[in-house]
>>> print(open('query_3.cif').read())   # mmCIF, C-alpha atoms
data_target
#
loop_
_atom_site.label_atom_id
_atom_site.label_comp_id
_atom_site.auth_asym_id
_atom_site.auth_seq_id
_atom_site.Cartn_x
_atom_site.Cartn_y
_atom_site.Cartn_z
CA MET Y 221 114.90 48.22 -39.67
CA ILE Y 222 115.89 44.78 -38.34
CA THR Y 223 113.55 41.92 -37.44
CA ILE Y 224 114.52 39.35 -34.82
CA ASP Y 225 113.44 35.88 -35.89
CA GLN Y 226 111.81 33.54 -33.39
CA SER Y 227 114.88 31.29 -33.57
CA VAL Y 228 116.81 33.85 -31.50
CA GLN Y 229 113.99 35.80 -29.86
CA GLY Y 230 114.47 36.08 -26.12
CA LYS Y 231 118.17 35.35 -26.52
CA VAL Y 232 119.51 38.50 -28.17
CA VAL Y 233 118.87 42.23 -28.14
CA LEU Y 234 120.27 44.56 -30.80
CA ALA Y 235 121.01 48.28 -30.69
CA TYR Y 236 121.49 49.98 -34.04
CA PHE Y 237 121.79 53.23 -35.89
CA THR Y 238 122.15 54.26 -39.50
CA MET Y 239 124.18 57.20 -40.75
CA GLU Y 240 123.82 58.97 -44.09
CA ASN Y 241 126.15 61.17 -46.12
CA THR Y 242 129.19 60.23 -44.10
CA ARG Y 243 132.78 59.87 -45.25
CA CYS Y 244 135.31 57.16 -44.59
CA TYR Y 245 139.00 58.05 -44.25
CA GLU Y 246 142.06 55.87 -44.50
CA LYS Y 247 143.07 56.79 -40.96
CA LEU Y 248 142.31 59.49 -38.40
CA GLU Y 249 145.28 59.96 -36.10
CA ALA Y 250 143.21 61.44 -33.24
CA LEU Y 251 140.85 58.44 -33.27
CA TRP Y 252 143.72 55.96 -33.48
CA GLU Y 253 145.42 57.66 -30.54
CA VAL Y 254 142.40 57.39 -28.21
CA MET Y 255 142.12 53.72 -29.10
CA LEU Y 256 145.77 53.13 -28.20
CA GLN Y 257 145.25 55.03 -24.95
CA LEU Y 258 142.30 52.77 -24.12
CA ALA Y 259 144.51 49.73 -24.70
CA VAL Y 260 147.09 51.14 -22.28
CA HIS Y 261 144.31 51.75 -19.73
CA TYR Y 262 143.29 48.09 -19.89
CA ARG Y 263 146.90 46.90 -19.56
CA GLN Y 264 147.28 49.02 -16.45
CA GLN Y 265 144.24 47.30 -14.93
CA PHE Y 266 144.71 43.70 -16.04
CA ASN Y 267 147.71 41.47 -16.65
CA SER Y 268 145.80 38.90 -18.68
CA PRO Y 269 142.39 38.21 -20.24
CA ALA Y 270 141.65 35.90 -17.32
CA GLU Y 271 141.84 38.85 -14.92
CA ALA Y 272 139.31 40.72 -17.08
CA ASN Y 273 136.92 37.77 -17.03
CA ALA Y 274 134.01 39.71 -15.49
CA LEU Y 275 134.06 42.28 -18.30
CA LEU Y 276 133.86 39.53 -20.91
CA GLN Y 277 130.81 37.76 -19.50
CA PRO Y 278 128.00 39.67 -21.31
CA ALA Y 279 129.38 38.85 -24.79
CA ARG Y 280 130.15 35.28 -23.75
CA ARG Y 281 126.62 34.95 -22.34
CA LEU Y 282 125.21 36.01 -25.70
CA TYR Y 283 127.07 33.16 -27.40
CA ARG Y 284 126.01 30.60 -24.81
CA LYS Y 285 122.36 31.63 -25.17
CA ILE Y 286 122.66 30.87 -28.88
CA GLY Y 287 124.29 27.53 -28.11
CA LEU Y 288 127.88 28.39 -29.02
CA GLU Y 289 131.00 28.03 -26.92
CA PRO Y 290 132.64 31.50 -26.79
CA THR Y 291 136.13 30.06 -26.32
CA ARG Y 292 135.74 28.40 -29.73
CA TYR Y 293 133.85 31.18 -31.52
CA ARG Y 294 135.32 34.27 -29.89
CA PRO Y 295 133.23 37.47 -29.81
CA SER Y 296 134.95 40.24 -31.78
CA SER Y 297 134.98 42.47 -28.67
CA GLU Y 298 136.88 39.83 -26.70
CA ALA Y 299 139.37 39.43 -29.54
CA LEU Y 300 140.05 43.17 -29.34
CA LEU Y 301 140.58 43.09 -25.58
CA ARG Y 302 142.92 40.11 -25.83
CA ARG Y 303 145.04 41.98 -28.39
CA ALA Y 304 145.14 45.02 -26.10
CA LEU Y 305 146.18 43.02 -23.04
CA GLN Y 306 148.79 41.06 -24.99
CA GLY Y 307 150.31 44.29 -26.32
CA LYS Y 308 149.55 43.34 -29.92
CA SER Y 309 148.79 46.01 -32.50
CA PHE Y 310 145.24 46.48 -33.71
CA TYR Y 311 144.31 45.90 -37.33
CA GLN Y 312 143.97 49.28 -39.02
CA ILE Y 313 141.42 49.14 -41.85
CA ASN Y 314 139.82 52.56 -42.19
CA SER Y 315 138.39 55.26 -39.92
CA ILE Y 316 134.85 53.87 -39.62
CA VAL Y 317 136.10 50.41 -38.75
CA ASP Y 318 138.56 51.97 -36.30
CA CYS Y 319 135.69 53.87 -34.68
CA GLY Y 320 133.71 50.65 -34.36
CA ASN Y 321 136.67 48.88 -32.80
CA TYR Y 322 137.20 51.73 -30.35
CA CYS Y 323 133.56 51.64 -29.24
CA SER Y 324 133.51 47.84 -29.02
CA LEU Y 325 136.66 47.91 -26.91
CA SER Y 326 135.09 50.61 -24.72
CA TYR Y 327 132.03 48.62 -23.68
CA LEU Y 328 133.12 45.11 -24.71
CA LEU Y 329 130.14 44.08 -26.80
CA PRO Y 330 130.48 42.92 -30.42
CA ILE Y 331 129.70 45.45 -33.13
CA GLY Y 332 128.77 44.84 -36.75
CA LEU Y 333 129.47 47.53 -39.36
CA TYR Y 334 127.81 47.35 -42.75
CA ASP Y 335 127.60 49.43 -45.91
CA LEU Y 336 123.87 50.08 -46.31
CA ASP Y 337 124.14 50.37 -50.08
CA THR Y 338 125.24 46.73 -50.30
CA ILE Y 339 122.25 45.37 -48.33
CA SER Y 340 119.15 44.27 -50.24
CA GLY Y 341 115.66 43.86 -48.83
CA LYS Y 342 114.68 43.08 -45.26
CA ILE Y 343 117.28 42.53 -42.55
CA VAL Y 344 116.63 39.60 -40.23
CA ALA Y 345 118.61 38.38 -37.22
CA ARG Y 346 118.30 34.60 -36.97
CA LEU Y 347 120.15 31.33 -36.58
CA GLY Y 348 122.16 30.31 -39.62
CA LYS Y 349 120.95 27.30 -41.58
CA PRO Y 350 123.07 24.16 -42.06
CA ASP Y 351 124.12 24.90 -45.65
CA GLU Y 352 124.65 28.68 -45.34
CA THR Y 353 128.06 30.29 -45.77
CA TYR Y 354 129.41 33.70 -46.68
CA ALA Y 355 132.74 35.20 -47.59
CA GLY Y 356 134.33 36.91 -44.60
CA ILE Y 357 136.24 40.16 -44.81
CA GLY Y 358 139.47 38.21 -45.13
CA LYS Y 359 137.68 36.29 -47.90
CA THR Y 360 137.71 33.17 -45.75
CA GLU Y 361 134.50 31.14 -45.88
CA GLN Y 362 132.33 31.65 -42.80
CA HIS Y 363 129.90 28.87 -41.90
CA ALA Y 364 126.61 30.23 -40.58
CA LYS Y 365 125.15 26.98 -39.22
CA GLY Y 366 123.83 27.46 -35.69
CA LYS Y 367 125.29 30.97 -35.37
CA LEU Y 368 123.52 34.28 -34.84
CA VAL Y 369 123.60 35.96 -38.25
CA LEU Y 370 122.20 39.05 -39.91
CA THR Y 371 120.68 38.25 -43.29
CA ASP Y 372 119.16 40.10 -46.23
CA ASP Y 373 117.63 38.92 -49.50
CA ASN Y 374 121.07 37.66 -50.59
CA GLY Y 375 121.73 35.62 -47.44
CA PRO Y 376 123.90 36.04 -44.32
CA PHE Y 377 126.21 39.04 -44.17
CA GLY Y 378 127.57 39.11 -40.64
CA ASN Y 379 127.67 37.78 -37.09
CA PRO Y 380 129.19 38.92 -33.77
CA SER Y 381 132.52 37.33 -34.69
CA ALA Y 382 132.93 38.08 -38.39
CA ASP Y 383 131.31 40.40 -40.93
CA SER Y 384 131.11 39.73 -44.64
CA TYR Y 385 133.21 40.89 -47.55
CA ARG Y 386 130.02 41.76 -49.45
CA THR Y 387 128.81 44.38 -46.96
CA ARG Y 388 132.19 45.59 -45.68
CA ILE Y 389 132.99 49.25 -45.01
CA THR Y 390 135.28 50.77 -47.65
CA LEU Y 391 136.65 54.23 -48.40
CA GLU Y 392 133.69 54.65 -50.79
CA THR Y 393 131.08 53.95 -48.10
CA ASN Y 394 128.76 56.86 -47.30
CA ARG Y 395 125.78 55.09 -45.69
CA ILE Y 396 126.35 52.78 -42.74
CA LEU Y 397 124.46 50.40 -40.50
CA TRP Y 398 125.97 49.99 -37.02
CA VAL Y 399 124.74 47.07 -34.90
CA ILE Y 400 125.59 46.28 -31.27
CA TYR Y 401 124.97 42.66 -30.25
CA ALA Y 402 124.01 41.87 -26.64
CA PRO Y 403 122.34 39.06 -24.68
CA ALA Y 404 118.62 39.53 -24.08
CA ASP Y 405 119.11 40.05 -20.33
CA TYR Y 406 121.52 42.95 -20.84
CA SER Y 407 120.56 46.22 -19.11
CA ARG Y 408 118.55 48.35 -21.54
CA LYS Y 409 119.83 51.47 -19.77
CA GLU Y 410 123.45 50.47 -20.34
CA LEU Y 411 122.76 49.41 -23.91
CA THR Y 412 121.16 52.80 -24.61
CA MET Y 413 124.26 54.46 -23.16
CA HIS Y 414 126.47 52.37 -25.45
CA LEU Y 415 124.33 53.29 -28.45
CA ASN Y 416 124.50 57.00 -27.63
CA PHE Y 417 128.25 56.78 -27.09
CA SER Y 418 128.66 55.08 -30.48
CA MET Y 419 126.63 57.72 -32.30
CA GLN Y 420 128.58 60.49 -30.57
CA GLN Y 421 131.91 58.97 -31.52
CA MET Y 422 130.93 58.49 -35.16
CA CYS Y 423 129.63 62.06 -35.37
CA SER Y 424 132.73 63.43 -33.64
CA TYR Y 425 135.10 61.98 -36.20
CA HIS Y 426 132.99 61.79 -39.36
CA PRO Y 427 130.58 64.06 -41.24
CA GLY Y 428 127.04 62.88 -41.80
CA LYS Y 429 123.65 62.55 -40.17
CA VAL Y 430 122.24 59.80 -37.97
CA SER Y 431 118.95 58.90 -39.63
CA ASN Y 432 117.57 55.99 -37.58
CA TRP Y 433 118.38 54.39 -34.26
CA GLY Y 434 116.84 52.13 -31.68
CA ILE Y 435 116.84 48.92 -29.68
CA ILE Y 436 115.29 45.77 -31.12
CA GLU Y 437 114.24 42.76 -29.07
#
>>> encode(input="query_3.cif", output="structure tokens")
Amino acid sequence: MITIDQSVQGKVVLAYFTMENTRCYEKLEALWEVMLQLAVHYRQQFNSPAEANALLQPARRLYRKIGLEPTRYRPSSEALLRRALQGKSFYQINSIVDCGNYCSLSYLLPIGLYDLDTISGKIVARLGKPDETYAGIGKTEQHAKGKLVLTDDNGPFGNPSADSYRTRITLETNRILWVIYAPADYSRKELTMHLNFSMQQMCSYHPGKVSNWGIIE
């Protein structure tokens, strides 16, 4: 499903699954509520991101293995935790994105969510090339140089900080690719648990069938 290029081999491990015939909703109140409850749980444990430093290390280690400073290029999972601890509201996009954010906040690893019908050809995880860019979901230009990116025949479409507008999840999406990014030294047992949890959450809140899943290293 996904090939890891030698430029990042031994630095990253990916867990993924695909889901077919699903449905995306504008918002699912039950899902949104458990996410808000998780935010409250974190605020009861930690007064600041600095106090939660140990929980943030796996995602930060992934960035450092690639050669990036995580305080400059913040992992999406850390951005979610910081919002939770600061009492800021989460961005509400749609139910699949909400589910991804809930899972990412649960185990604090970055997640990429992609509409499978917008991906062409082989998917490769590699370092971005100097001249590569893509339009982010906010339509801001994302520079891929030196970053861990997922690519297809049309170029980069996501990284652990920002996914692309081209492959974004919309209300019309019915086939998804879900990717969990982790450093290569991350426990395979824990990563498998995170993958299973993610599949369970998606299936709990959305119709559809998981068609492929696995860990790639």
>>> closest_atom_pairs(input="query_3.cif", of="range 355-421 of chain Y", to="range 278-290 of chain Y", cutoff="9 Å", atoms="all atoms listed in the file", output="CSV")
residue,atom,partner,partner_atom,distance
Y:Gly366,CA,Y:Gly287,CA,7.6
Y:Lys367,CA,Y:Ile286,CA,7.0
Y:Leu368,CA,Y:Ile286,CA,6.9
Y:Pro380,CA,Y:Tyr283,CA,8.8
Y:Tyr401,CA,Y:Ala279,CA,8.0
Y:Ala402,CA,Y:Leu282,CA,6.1
Y:Pro403,CA,Y:Leu282,CA,4.3
Y:Ala404,CA,Y:Leu282,CA,7.6
Y:Asp405,CA,Y:Pro278,CA,9.0
Y:Tyr406,CA,Y:Pro278,CA,7.3
>>> write_last_selection(input="query_3.cif", atoms="C-alpha atoms", output="compact mmCIF listing (two decimals), in the frame of the given file")
# COMPACT_ATOMS: atom_id res chain seq x y z
CA GLY Y 366 123.83 27.46 -35.69
CA LYS Y 367 125.29 30.97 -35.37
CA LEU Y 368 123.52 34.28 -34.84
CA PRO Y 380 129.19 38.92 -33.77
CA TYR Y 401 124.97 42.66 -30.25
CA ALA Y 402 124.01 41.87 -26.64
CA PRO Y 403 122.34 39.06 -24.68
CA ALA Y 404 118.62 39.53 -24.08
CA ASP Y 405 119.11 40.05 -20.33
CA TYR Y 406 121.52 42.95 -20.84
>>> closest_residue(input="query_3.cif", among="Y:Leu301, Y:Arg263, Y:Gly307, Y:Asp383", to="Cys323 in chain Y", atoms="only C-alpha atoms")
Y:Leu301
>>> atom_distance(input="query_3.cif", atom1="CA of Met255 in chain Y", atom2="CA of Leu234 in chain Y")
23.8 Å
>>> closest_residue(input="query_3.cif", among="Y:Ser384, Y:Asn416, Y:Ser268, Y:Gln306", to="Val369 in chain Y", atoms="all atoms listed in the file")
Y:Ser384
>>> atom_distance(input="query_3.cif", atom1="CA of Ile396 in chain Y", atom2="CA of Leu333 in chain Y")
7.0 Å
>>> residues_around(input="query_3.cif", residues="Pro376 in chain Y", least_positions_apart="6", cutoff="9 Å", atoms="all atoms listed in the file", output="PyMOL selection string")
chain Y and resi 348+352-354+364+369-370+384
>>> closest_residue(input="query_3.cif", among="Y:Ile331, Y:Ile339, Y:Cys319, Y:Met422", to="Tyr236 in chain Y", atoms="all atoms listed in the file")
Y:Ile331
>>> closest_residue(input="query_3.cif", among="Y:Asp318, Y:Glu240, Y:Asp373, Y:Glu271", to="Glu253 in chain Y", atoms="all atoms listed in the file")
Y:Asp318
>>> atom_distance(input="query_3.cif", atom1="CA of Val344 in chain Y", atom2="CA of Ile222 in chain Y")
5.6 Å
>>> resolve_selection(input="query_3.cif", expression="the PyMOL selection byres ((chain Y and resi 246) around 8)", output="PyMOL selection string")
chain Y and resi 244-245+247-248+313-315+391
>>> closest_residue(input="query_3.cif", among="Y:Thr390, Y:Ala382, Y:Val317, Y:Trp398", to="Arg294 in chain Y", atoms="only C-alpha atoms")
Y:Ala382
>>> closest_residue(input="query_3.cif", among="Y:Gly434, Y:Pro295, Y:Pro427, Y:Gly332", to="Ile389 in chain Y", atoms="all atoms listed in the file")
Y:Gly332
>>> residues_around(input="query_3.cif", residues="Ser431 in chain Y", least_positions_apart="3", cutoff="9 Å", atoms="all atoms listed in the file", output="ChimeraX atom specification")
/Y:237-240
>>> residues_near_point(input="query_3.cif", point="(112.1, 33.9, -33.1)", cutoff="12 Å", atoms="only C-alpha atoms", output="PyMOL selection string")
chain Y and resi 223-233+286+344-347+368+437
>>> resolve_selection(input="query_3.cif", expression="the PyMOL selection byres ((chain Y and resi 415) around 9)", output="PyMOL selection string")
chain Y and resi 235-237+399-400+410-414+416-420+433-435
